[in-house]
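Novice: Pasting a structure below so you can have a look.
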Amino acid sequence: MTDTMQAVLPDAYPRLVWGELPRPVAGPGQLLVRVRAAGINRADLIQAAGHYPPPPGESAVLGLEIAGEVVATGEGVSGFALGDAVFGLVPGGAYAEYCVLDAALAIAKPAALGWAEAASLPEVWMTVWLNLVELGGLRAGQRLLVHAGASGIGAAAIQLGKRLGAEVLTTVGSVEKGAWCTTLGADRVIHYHDEDFVDVVKAAGGADLILETVGGDYLGRDQQCLNRDGSIIVIGLLRGTKAELNVGLLLVKRQRVQGSALRSQTLDAKARTAAAVAEHVVPDIASGALKPSLDRVFAASDAQAAHDYVAQNRNLGKVVLIFD
């Protein structure tokens with residue numbers, strides 16, 4: 001290995017330009033991974049636009065999830081060896097030839113999964129597990145509303161919700177996306193251009209948990225169809241950061257509104273979520289019982305085209321960059 005690598009240059013944002021940067025070094029408890037594939041998330045688009053800086057001290061290079069081979073280990077690492085195929089969540093730095101990954105967040109890649117499939121998993125499934133299971137406490141017999149069901153997060157939430165025994169409703173923007181969500185197990189697809197999701201959810205009996213990926217004025221509308229003792233977990237802000245809530249309704253129906261961000265969780269908290277996903281989700285994905293919802297793969301050199309594709313809402317599930 002040389003001391004430099006090819007990576008998307010932070011100084012060029014919002015444009016994605018490849019250039020040479022120093023290669024990172026694995027610190028204590030870390031793995032250095034030769035990146036074979038990197039997942040794309042809307043957080044990457046927001047960061048490139050200058051609105052979502054990485055945590056202090058972390059790489060300013062875009063990218064939150066990787067799959068690749070271990071090429072070096074830091075002090076104190078156990079359970080992983082050189083050449084191991086792994087995937088996992090990183091605080092930044094995935095759009096590069098090499099990236100450091102905390103060993104506590106690394107998951108062994110099953111042989112049944114390709115690099116692109118593995119790279120599509122960490123952010124999506126850890127986010128969904130955190131919010132539906134750990135924070136939302138979703139259980140059998142409850143009703144879950146998932147906004148933007150055809151996104152990577154939405155596709156995973158639909159499947160996990162059904163696996164947990166919930167009735168799942170989801171909002172989509174096209175017939176094609178609705179049909180795809182139905183194949184994933186959604187009980188009711190709501191076409192938001194033609195239907196008011198509030199009316200549909202109320203007619204179904206109201207939602208016990210709402211995974212809010214849109215934000216903005218959706219929060220007030222979520223309240224209207226949220227059941228007593230129900231929860232809204234906000235993980236996205238596509239419609240902006242401002243919302244008007246009915247505090248009277250909040251009190252009378254004992255509703256809970258909670259913000260959630262995986263990236264800002266402590267390493268220990270993320271490690272617990274990663275371990276749960278490795279135990280409860282990855283085996284089912286490897287067997288085909290759950291789908292990784294990989295939509296399209298772009299060459300890493302076409303990262304700008306991949307971002308444009310996601311920004312235009314053309315994807316059904318995850319978009320991944322693949323490295324030579």
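Chain labels run A, B, ... following the order of the structure tokens; each chain numbers its residues from 1, and ligands are numbered from 1 in the order shown.
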Any chance you could list, as a PyMOL selection string, the residues in region 12-84 of chain A that come up strand (DSSP E or B) when DSSP is run on the backbone?

Specialist: chain A and resi 18-22+30-40+65-73

Novice: Okay, now the selection with N, CA and C atoms, as an mmCIF file, in the first residue's frame?

Specialist:
```cif
data_model
loop_
_atom_site.group_PDB
_atom_site.id
_atom_site.type_symbol
_atom_site.label_atom_id
_atom_site.label_comp_id
_atom_site.auth_asym_id
_atom_site.auth_seq_id
_atom_site.Cartn_x
_atom_site.Cartn_y
_atom_site.Cartn_z
ATOM 1 N N TRP A 18 -12.811 13.290 -7.907
ATOM 2 C CA TRP A 18 -11.844 12.350 -7.369
ATOM 3 C C TRP A 18 -10.438 12.936 -7.433
ATOM 4 N N GLY A 19 -9.661 12.652 -6.402
ATOM 5 C CA GLY A 19 -8.280 13.111 -6.355
ATOM 6 C C GLY A 19 -7.512 12.326 -5.314
ATOM 7 N N GLU A 20 -6.325 12.774 -5.010
ATOM 8 C CA GLU A 20 -5.434 12.054 -4.104
ATOM 9 C C GLU A 20 -5.493 12.646 -2.706
ATOM 10 N N LEU A 21 -5.627 11.775 -1.712
ATOM 11 C CA LEU A 21 -5.623 12.160 -0.307
ATOM 12 C C LEU A 21 -4.727 11.194 0.468
ATOM 13 N N PRO A 22 -4.282 11.596 1.658
ATOM 14 C CA PRO A 22 -3.513 10.655 2.481
ATOM 15 C C PRO A 22 -4.359 9.442 2.856
ATOM 16 N N GLN A 30 -9.502 -0.423 15.572
ATOM 17 C CA GLN A 30 -10.014 -0.165 14.227
ATOM 18 C C GLN A 30 -9.421 -1.132 13.198
ATOM 19 N N LEU A 31 -10.167 -1.271 12.096
ATOM 20 C CA LEU A 31 -9.703 -2.014 10.928
ATOM 21 C C LEU A 31 -9.464 -1.033 9.794
ATOM 22 N N LEU A 32 -8.433 -1.277 9.004
ATOM 23 C CA LEU A 32 -8.282 -0.547 7.744
ATOM 24 C C LEU A 32 -8.816 -1.458 6.656
ATOM 25 N N VAL A 33 -9.795 -0.944 5.898
ATOM 26 C CA VAL A 33 -10.499 -1.755 4.912
ATOM 27 C C VAL A 33 -10.221 -1.229 3.514
ATOM 28 N N ARG A 34 -9.867 -2.151 2.613
ATOM 29 C CA ARG A 34 -9.805 -1.831 1.185
ATOM 30 C C ARG A 34 -11.240 -1.830 0.694
ATOM 31 N N VAL A 35 -11.756 -0.676 0.350
ATOM 32 C CA VAL A 35 -13.171 -0.531 0.027
ATOM 33 C C VAL A 35 -13.461 -1.153 -1.340
ATOM 34 N N ARG A 36 -14.425 -2.053 -1.355
ATOM 35 C CA ARG A 36 -14.898 -2.646 -2.607
ATOM 36 C C ARG A 36 -16.227 -2.051 -3.044
ATOM 37 N N ALA A 37 -17.004 -1.571 -2.083
ATOM 38 C CA ALA A 37 -18.290 -0.941 -2.399
ATOM 39 C C ALA A 37 -18.660 -0.004 -1.257
ATOM 40 N N ALA A 38 -19.394 1.053 -1.614
ATOM 41 C CA ALA A 38 -19.832 2.040 -0.621
ATOM 42 C C ALA A 38 -21.280 2.404 -0.891
ATOM 43 N N GLY A 39 -22.103 2.391 0.142
ATOM 44 C CA GLY A 39 -23.503 2.760 -0.005
ATOM 45 C C GLY A 39 -23.689 4.264 -0.060
ATOM 46 N N ILE A 40 -24.734 4.690 -0.775
ATOM 47 C CA ILE A 40 -25.083 6.109 -0.864
ATOM 48 C C ILE A 40 -26.327 6.347 -0.015
ATOM 49 N N GLU A 65 -21.145 3.931 4.804
ATOM 50 C CA GLU A 65 -21.192 2.466 4.874
ATOM 51 C C GLU A 65 -20.311 1.867 3.797
ATOM 52 N N ILE A 66 -19.599 0.823 4.183
ATOM 53 C CA ILE A 66 -18.630 0.204 3.293
ATOM 54 C C ILE A 66 -18.726 -1.310 3.352
ATOM 55 N N ALA A 67 -18.165 -1.924 2.312
ATOM 56 C CA ALA A 67 -17.873 -3.349 2.320
ATOM 57 C C ALA A 67 -16.511 -3.518 1.675
ATOM 58 N N GLY A 68 -15.700 -4.402 2.220
ATOM 59 C CA GLY A 68 -14.367 -4.591 1.653
ATOM 60 C C GLY A 68 -13.550 -5.577 2.454
ATOM 61 N N GLU A 69 -12.249 -5.576 2.188
ATOM 62 C CA GLU A 69 -11.335 -6.533 2.794
ATOM 63 C C GLU A 69 -10.443 -5.853 3.826
ATOM 64 N N VAL A 70 -10.227 -6.522 4.938
ATOM 65 C CA VAL A 70 -9.341 -5.999 5.973
ATOM 66 C C VAL A 70 -7.892 -6.086 5.492
ATOM 67 N N VAL A 71 -7.200 -4.948 5.492
ATOM 68 C CA VAL A 71 -5.798 -4.932 5.046
ATOM 69 C C VAL A 71 -4.848 -4.564 6.176
ATOM 70 N N ALA A 72 -5.376 -4.106 7.308
ATOM 71 C CA ALA A 72 -4.550 -3.803 8.476
ATOM 72 C C ALA A 72 -5.462 -3.732 9.696
ATOM 73 N N THR A 73 -4.903 -4.037 10.858
ATOM 74 C CA THR A 73 -5.664 -3.957 12.097
ATOM 75 C C THR A 73 -4.920 -3.093 13.100
#
```

Novice: Could you give me, as a PyMOL selection string, the residues within 9 Å of region 153-155 of chain A, counting only C-alpha atoms and dropping anything in the same chain fewer than 6 positions from it?

Specialist: chain A and resi 123-125+127-128+146-147+170+180-181+184+211+213+291-293+316-318

Novice: Could you list, as a PDB file with N, CA and C atoms, in the first residue's frame, every residue within 12 Å of Leu89 (chain A), counting only C-alpha atoms and ignoring same-chain residues fewer than 4 positions away?

Specialist:
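Output file out_25.pdb follows:
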```
ATOM      1  N   VAL A  33      -9.795  -0.944   5.898  1.00  0.00           N
ATOM      2  CA  VAL A  33     -10.499  -1.755   4.912  1.00  0.00           C
ATOM      3  C   VAL A  33     -10.221  -1.229   3.514  1.00  0.00           C
ATOM      4  N   ALA A  38     -19.394   1.053  -1.614  1.00  0.00           N
ATOM      5  CA  ALA A  38     -19.832   2.040  -0.621  1.00  0.00           C
ATOM      6  C   ALA A  38     -21.280   2.404  -0.891  1.00  0.00           C
ATOM      7  N   GLY A  39     -22.103   2.391   0.142  1.00  0.00           N
ATOM      8  CA  GLY A  39     -23.503   2.760  -0.005  1.00  0.00           C
ATOM      9  C   GLY A  39     -23.689   4.264  -0.060  1.00  0.00           C
ATOM     10  N   ILE A  40     -24.734   4.690  -0.775  1.00  0.00           N
ATOM     11  CA  ILE A  40     -25.083   6.109  -0.864  1.00  0.00           C
ATOM     12  C   ILE A  40     -26.327   6.347  -0.015  1.00  0.00           C
ATOM     13  N   ASN A  41     -26.283   7.425   0.756  1.00  0.00           N
ATOM     14  CA  ASN A  41     -27.409   7.825   1.591  1.00  0.00           C
ATOM     15  C   ASN A  41     -27.731   9.290   1.345  1.00  0.00           C
ATOM     16  N   GLY A  63     -19.633   9.408   2.766  1.00  0.00           N
ATOM     17  CA  GLY A  63     -19.878   7.977   2.803  1.00  0.00           C
ATOM     18  C   GLY A  63     -19.946   7.413   4.202  1.00  0.00           C
ATOM     19  N   LEU A  64     -21.034   6.663   4.477  1.00  0.00           N
ATOM     20  CA  LEU A  64     -21.311   6.155   5.815  1.00  0.00           C
ATOM     21  C   LEU A  64     -21.337   4.630   5.907  1.00  0.00           C
ATOM     22  N   GLU A  65     -21.145   3.931   4.804  1.00  0.00           N
ATOM     23  CA  GLU A  65     -21.192   2.466   4.874  1.00  0.00           C
ATOM     24  C   GLU A  65     -20.311   1.867   3.797  1.00  0.00           C
ATOM     25  N   ILE A  66     -19.599   0.823   4.183  1.00  0.00           N
ATOM     26  CA  ILE A  66     -18.630   0.204   3.293  1.00  0.00           C
ATOM     27  C   ILE A  66     -18.726  -1.310   3.352  1.00  0.00           C
ATOM     28  N   ALA A  67     -18.165  -1.924   2.312  1.00  0.00           N
ATOM     29  CA  ALA A  67     -17.873  -3.349   2.320  1.00  0.00           C
ATOM     30  C   ALA A  67     -16.511  -3.518   1.675  1.00  0.00           C
ATOM     31  N   GLY A  68     -15.700  -4.402   2.220  1.00  0.00           N
ATOM     32  CA  GLY A  68     -14.367  -4.591   1.653  1.00  0.00           C
ATOM     33  C   GLY A  68     -13.550  -5.577   2.454  1.00  0.00           C
ATOM     34  N   GLY A  93     -15.919   8.878   5.218  1.00  0.00           N
ATOM     35  CA  GLY A  93     -14.736   8.346   4.560  1.00  0.00           C
ATOM     36  C   GLY A  93     -14.944   7.194   3.612  1.00  0.00           C
ATOM     37  N   ALA A  94     -16.198   6.826   3.318  1.00  0.00           N
ATOM     38  CA  ALA A  94     -16.449   5.633   2.501  1.00  0.00           C
ATOM     39  C   ALA A  94     -16.166   5.839   1.024  1.00  0.00           C
ATOM     40  N   CYS A  99     -10.642   2.924   3.961  1.00  0.00           N
ATOM     41  CA  CYS A  99     -11.451   3.556   4.996  1.00  0.00           C
ATOM     42  C   CYS A  99     -11.238   2.811   6.307  1.00  0.00           C
ATOM     43  N   VAL A 100     -11.221   3.543   7.414  1.00  0.00           N
ATOM     44  CA  VAL A 100     -11.123   2.880   8.709  1.00  0.00           C
ATOM     45  C   VAL A 100     -12.522   2.549   9.212  1.00  0.00           C
ATOM     46  N   LEU A 101     -12.646   1.396   9.837  1.00  0.00           N
ATOM     47  CA  LEU A 101     -13.909   0.892  10.360  1.00  0.00           C
ATOM     48  C   LEU A 101     -13.663   0.409  11.782  1.00  0.00           C
ATOM     49  N   ASP A 102     -14.435   0.927  12.731  1.00  0.00           N
ATOM     50  CA  ASP A 102     -14.310   0.429  14.099  1.00  0.00           C
ATOM     51  C   ASP A 102     -14.648  -1.056  14.127  1.00  0.00           C
ATOM     52  N   ALA A 103     -13.777  -1.847  14.729  1.00  0.00           N
ATOM     53  CA  ALA A 103     -14.003  -3.291  14.762  1.00  0.00           C
ATOM     54  C   ALA A 103     -15.321  -3.629  15.443  1.00  0.00           C
ATOM     55  N   ALA A 104     -15.756  -2.790  16.387  1.00  0.00           N
ATOM     56  CA  ALA A 104     -17.018  -3.046  17.084  1.00  0.00           C
ATOM     57  C   ALA A 104     -18.222  -2.916  16.171  1.00  0.00           C
ATOM     58  N   LEU A 105     -18.052  -2.246  15.032  1.00  0.00           N
ATOM     59  CA  LEU A 105     -19.150  -2.071  14.084  1.00  0.00           C
ATOM     60  C   LEU A 105     -19.005  -2.964  12.854  1.00  0.00           C
ATOM     61  N   ALA A 106     -17.928  -3.708  12.781  1.00  0.00           N
ATOM     62  CA  ALA A 106     -17.685  -4.566  11.619  1.00  0.00           C
ATOM     63  C   ALA A 106     -18.515  -5.841  11.703  1.00  0.00           C
ATOM     64  N   ILE A 107     -19.057  -6.241  10.568  1.00  0.00           N
ATOM     65  CA  ILE A 107     -19.854  -7.463  10.463  1.00  0.00           C
ATOM     66  C   ILE A 107     -19.240  -8.333   9.375  1.00  0.00           C
ATOM     67  N   ALA A 118     -23.667  -6.156   0.305  1.00  0.00           N
ATOM     68  CA  ALA A 118     -23.199  -5.947   1.675  1.00  0.00           C
ATOM     69  C   ALA A 118     -23.101  -4.460   2.005  1.00  0.00           C
ATOM     70  N   ALA A 119     -22.618  -3.670   1.060  1.00  0.00           N
ATOM     71  CA  ALA A 119     -22.475  -2.224   1.311  1.00  0.00           C
ATOM     72  C   ALA A 119     -23.819  -1.525   1.430  1.00  0.00           C
ATOM     73  N   SER A 120     -24.879  -2.150   0.923  1.00  0.00           N
ATOM     74  CA  SER A 120     -26.204  -1.526   0.995  1.00  0.00           C
ATOM     75  C   SER A 120     -26.878  -1.723   2.349  1.00  0.00           C
ATOM     76  N   LEU A 121     -26.275  -2.505   3.236  1.00  0.00           N
ATOM     77  CA  LEU A 121     -26.969  -2.930   4.453  1.00  0.00           C
ATOM     78  C   LEU A 121     -26.765  -2.062   5.698  1.00  0.00           C
ATOM     79  N   PRO A 122     -25.546  -1.633   6.036  1.00  0.00           N
ATOM     80  CA  PRO A 122     -25.319  -1.135   7.399  1.00  0.00           C
ATOM     81  C   PRO A 122     -26.180   0.049   7.821  1.00  0.00           C
ATOM     82  N   GLU A 123     -26.167   1.128   7.073  1.00  0.00           N
ATOM     83  CA  GLU A 123     -26.910   2.323   7.473  1.00  0.00           C
ATOM     84  C   GLU A 123     -28.411   2.058   7.519  1.00  0.00           C
ATOM     85  N   VAL A 124     -28.913   1.384   6.502  1.00  0.00           N
ATOM     86  CA  VAL A 124     -30.345   1.124   6.407  1.00  0.00           C
ATOM     87  C   VAL A 124     -30.838   0.244   7.543  1.00  0.00           C
ATOM     88  N   TRP A 125     -30.235  -0.918   7.710  1.00  0.00           N
ATOM     89  CA  TRP A 125     -30.771  -1.879   8.661  1.00  0.00           C
ATOM     90  C   TRP A 125     -30.465  -1.501  10.099  1.00  0.00           C
ATOM     91  N   MET A 126     -29.337  -0.838  10.338  1.00  0.00           N
ATOM     92  CA  MET A 126     -29.079  -0.348  11.687  1.00  0.00           C
ATOM     93  C   MET A 126     -30.039   0.772  12.048  1.00  0.00           C
ATOM     94  N   THR A 127     -30.315   1.654  11.108  1.00  0.00           N
ATOM     95  CA  THR A 127     -31.268   2.737  11.345  1.00  0.00           C
ATOM     96  C   THR A 127     -32.653   2.178  11.644  1.00  0.00           C
ATOM     97  N   LEU A 262     -28.650   8.139  13.706  1.00  0.00           N
ATOM     98  CA  LEU A 262     -27.700   7.053  13.976  1.00  0.00           C
ATOM     99  C   LEU A 262     -26.271   7.577  14.053  1.00  0.00           C
ATOM    100  N   ARG A 263     -25.943   8.543  13.196  1.00  0.00           N
ATOM    101  CA  ARG A 263     -24.560   9.000  13.094  1.00  0.00           C
ATOM    102  C   ARG A 263     -24.041   9.581  14.409  1.00  0.00           C
ATOM    103  N   GLN A 265     -24.938   8.742  17.465  1.00  0.00           N
ATOM    104  CA  GLN A 265     -24.959   7.808  18.588  1.00  0.00           C
ATOM    105  C   GLN A 265     -23.522   7.522  19.047  1.00  0.00           C
ATOM    106  N   LEU A 267     -20.290   5.249  20.146  1.00  0.00           N
ATOM    107  CA  LEU A 267     -19.769   4.024  19.548  1.00  0.00           C
ATOM    108  C   LEU A 267     -20.365   2.795  20.235  1.00  0.00           C
ATOM    109  N   LYS A 270     -23.933   2.289  18.949  1.00  0.00           N
ATOM    110  CA  LYS A 270     -23.926   1.772  17.576  1.00  0.00           C
ATOM    111  C   LYS A 270     -23.450   0.319  17.545  1.00  0.00           C
ATOM    112  N   ALA A 271     -22.505  -0.011  18.420  1.00  0.00           N
ATOM    113  CA  ALA A 271     -22.014  -1.389  18.460  1.00  0.00           C
ATOM    114  C   ALA A 271     -23.126  -2.346  18.878  1.00  0.00           C
ATOM    115  N   THR A 273     -26.316  -1.939  18.357  1.00  0.00           N
ATOM    116  CA  THR A 273     -27.234  -2.055  17.221  1.00  0.00           C
ATOM    117  C   THR A 273     -26.630  -2.925  16.131  1.00  0.00           C
ATOM    118  N   ALA A 274     -25.342  -2.745  15.860  1.00  0.00           N
ATOM    119  CA  ALA A 274     -24.674  -3.570  14.846  1.00  0.00           C
ATOM    120  C   ALA A 274     -24.713  -5.044  15.224  1.00  0.00           C
ATOM    121  N   ALA A 275     -24.497  -5.331  16.498  1.00  0.00           N
ATOM    122  CA  ALA A 275     -24.537  -6.726  16.957  1.00  0.00           C
ATOM    123  C   ALA A 275     -25.923  -7.314  16.788  1.00  0.00           C
ATOM    124  N   VAL A 277     -28.193  -6.389  14.554  1.00  0.00           N
ATOM    125  CA  VAL A 277     -28.419  -6.593  13.122  1.00  0.00           C
ATOM    126  C   VAL A 277     -27.671  -7.836  12.643  1.00  0.00           C
TER     127      VAL A 277
END
```

Novice: Determine, counting only C-alpha atoms, which protein, DNA and RNA residues have an atom within 10 Å of an atom of His307 (chain A); residues of the same chain fewer than 5 positions away are not included. Present the result as a list in words.

Specialist: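 Non-adjacent residues within range: Arg15, Leu16, Ile40, Asn41, Arg42, Asp44, Leu45, Ala48, Phe298, Asp302, Gln312 and Val319 of chain A.
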
Novice: Name all residues at most 12 Å from Arg143 (chain A) (count only C-alpha atoms; drop same-chain ones fewer than 3 positions away) and give them as a compact mmCIF listing (two decimals) with N, CA and C atoms, in the first residue's frame.

Specialist:
```txt
# COMPACT_ATOMS: atom_id res chain seq x y z
N LEU A 132 -37.28 1.19 14.94
CA LEU A 132 -38.48 0.36 15.10
C LEU A 132 -38.43 -0.50 16.36
N GLY A 136 -38.76 2.50 19.07
CA GLY A 136 -40.20 2.43 18.82
C GLY A 136 -40.90 1.29 19.53
N GLY A 137 -40.15 0.25 19.92
CA GLY A 137 -40.76 -0.89 20.61
C GLY A 137 -41.88 -1.54 19.81
N LEU A 138 -41.76 -1.57 18.50
CA LEU A 138 -42.82 -2.12 17.65
C LEU A 138 -43.05 -3.59 17.97
N ARG A 139 -44.32 -3.97 18.09
CA ARG A 139 -44.63 -5.36 18.41
C ARG A 139 -45.80 -5.86 17.55
N ALA A 140 -46.00 -7.14 17.59
CA ALA A 140 -47.05 -7.78 16.80
C ALA A 140 -48.41 -7.18 17.12
N VAL A 146 -44.94 3.93 7.42
CA VAL A 146 -43.60 4.23 6.94
C VAL A 146 -43.71 5.21 5.78
N ILE A 158 -40.41 -1.63 5.97
CA ILE A 158 -41.57 -2.45 5.61
C ILE A 158 -41.31 -3.91 5.97
N GLY A 161 -40.96 -4.43 9.80
CA GLY A 161 -42.27 -4.29 10.42
C GLY A 161 -43.11 -5.54 10.25
N LYS A 162 -43.12 -6.10 9.05
CA LYS A 162 -43.89 -7.33 8.81
C LYS A 162 -43.30 -8.49 9.60
N LEU A 164 -41.89 -8.38 12.40
CA LEU A 164 -42.26 -8.21 13.80
C LEU A 164 -43.75 -8.41 14.05
N GLY A 165 -44.51 -8.64 12.98
CA GLY A 165 -45.92 -8.93 13.13
C GLY A 165 -46.83 -7.72 13.08
N ALA A 166 -46.32 -6.59 12.60
CA ALA A 166 -47.13 -5.38 12.51
C ALA A 166 -47.86 -5.31 11.18
N GLU A 167 -48.93 -4.53 11.16
CA GLU A 167 -49.57 -4.15 9.89
C GLU A 167 -48.84 -2.92 9.39
N VAL A 168 -48.43 -2.92 8.11
CA VAL A 168 -47.58 -1.86 7.59
C VAL A 168 -48.27 -1.10 6.47
N LEU A 169 -48.36 0.22 6.65
CA LEU A 169 -48.84 1.12 5.61
C LEU A 169 -47.67 2.00 5.19
N THR A 170 -47.63 2.38 3.93
CA THR A 170 -46.51 3.19 3.47
C THR A 170 -46.95 4.18 2.40
N ALA A 186 -45.84 -4.64 2.16
CA ALA A 186 -46.71 -3.58 2.65
C ALA A 186 -48.18 -3.98 2.52
N ASP A 187 -48.95 -3.76 3.58
CA ASP A 187 -50.37 -4.12 3.58
C ASP A 187 -51.22 -3.09 2.85
N ARG A 188 -50.79 -1.85 2.87
CA ARG A 188 -51.53 -0.79 2.18
C ARG A 188 -50.54 0.24 1.68
N VAL A 201 -54.92 6.32 6.81
CA VAL A 201 -54.47 5.70 8.05
C VAL A 201 -55.57 5.72 9.11
N LYS A 202 -56.31 6.82 9.19
CA LYS A 202 -57.42 6.88 10.14
C LYS A 202 -58.47 5.81 9.83
N ALA A 204 -57.96 3.03 8.53
CA ALA A 204 -57.42 1.72 8.87
C ALA A 204 -57.38 1.47 10.37
N GLY A 205 -57.63 2.53 11.17
CA GLY A 205 -57.61 2.38 12.62
C GLY A 205 -56.52 3.16 13.31
N GLY A 206 -55.79 4.00 12.54
CA GLY A 206 -54.74 4.82 13.13
C GLY A 206 -53.42 4.09 13.24
N ALA A 207 -52.35 4.86 13.37
CA ALA A 207 -51.01 4.29 13.47
C ALA A 207 -50.55 4.29 14.91
N ASP A 208 -49.86 3.24 15.30
CA ASP A 208 -49.25 3.17 16.63
C ASP A 208 -47.81 3.67 16.61
N LEU A 209 -47.17 3.56 15.46
CA LEU A 209 -45.80 4.05 15.29
C LEU A 209 -45.66 4.60 13.88
N ILE A 210 -45.05 5.77 13.76
CA ILE A 210 -44.82 6.39 12.45
C ILE A 210 -43.32 6.64 12.30
N LEU A 211 -42.72 6.09 11.25
CA LEU A 211 -41.34 6.36 10.92
C LEU A 211 -41.33 7.52 9.94
N CYS A 225 -53.29 11.24 12.66
CA CYS A 225 -53.63 9.83 12.48
C CYS A 225 -52.86 8.92 13.43
N LEU A 226 -52.19 9.51 14.43
CA LEU A 226 -51.45 8.73 15.41
C LEU A 226 -52.37 8.36 16.57
N ASN A 227 -52.33 7.12 16.96
CA ASN A 227 -53.19 6.64 18.04
C ASN A 227 -52.74 7.11 19.41
N GLY A 230 -49.23 6.62 20.95
CA GLY A 230 -48.41 6.33 19.77
C GLY A 230 -47.17 7.20 19.72
N SER A 231 -46.24 6.81 18.83
CA SER A 231 -44.96 7.52 18.70
C SER A 231 -44.68 7.88 17.25
```

Novice: So how many Å separate CA of Ser59 (chain A) and CA of Ile235 (chain A), to one decimal?

Specialist: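 CA of Ile235 (chain A) lies 22.3 Å from CA of Ser59 (chain A).
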
Novice: Among region 72-242 of chain A, which residues carry a DSSP assignment of helix (DSSP H, G or I), reported as a VMD selection string?

Specialist: chain A and resid 103 to 105 115 to 119 122 to 135 152 to 163 175 to 184 197 to 204 218 to 225

Novice: Ranking A:Val175, A:Ala116, A:Ala60, A:Ala156 by minimum distance to Phe87 (chain A) and counting only C-alpha atoms, which one comes first?

Specialist: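 Nearest to Phe87 (chain A): A:Ala116.
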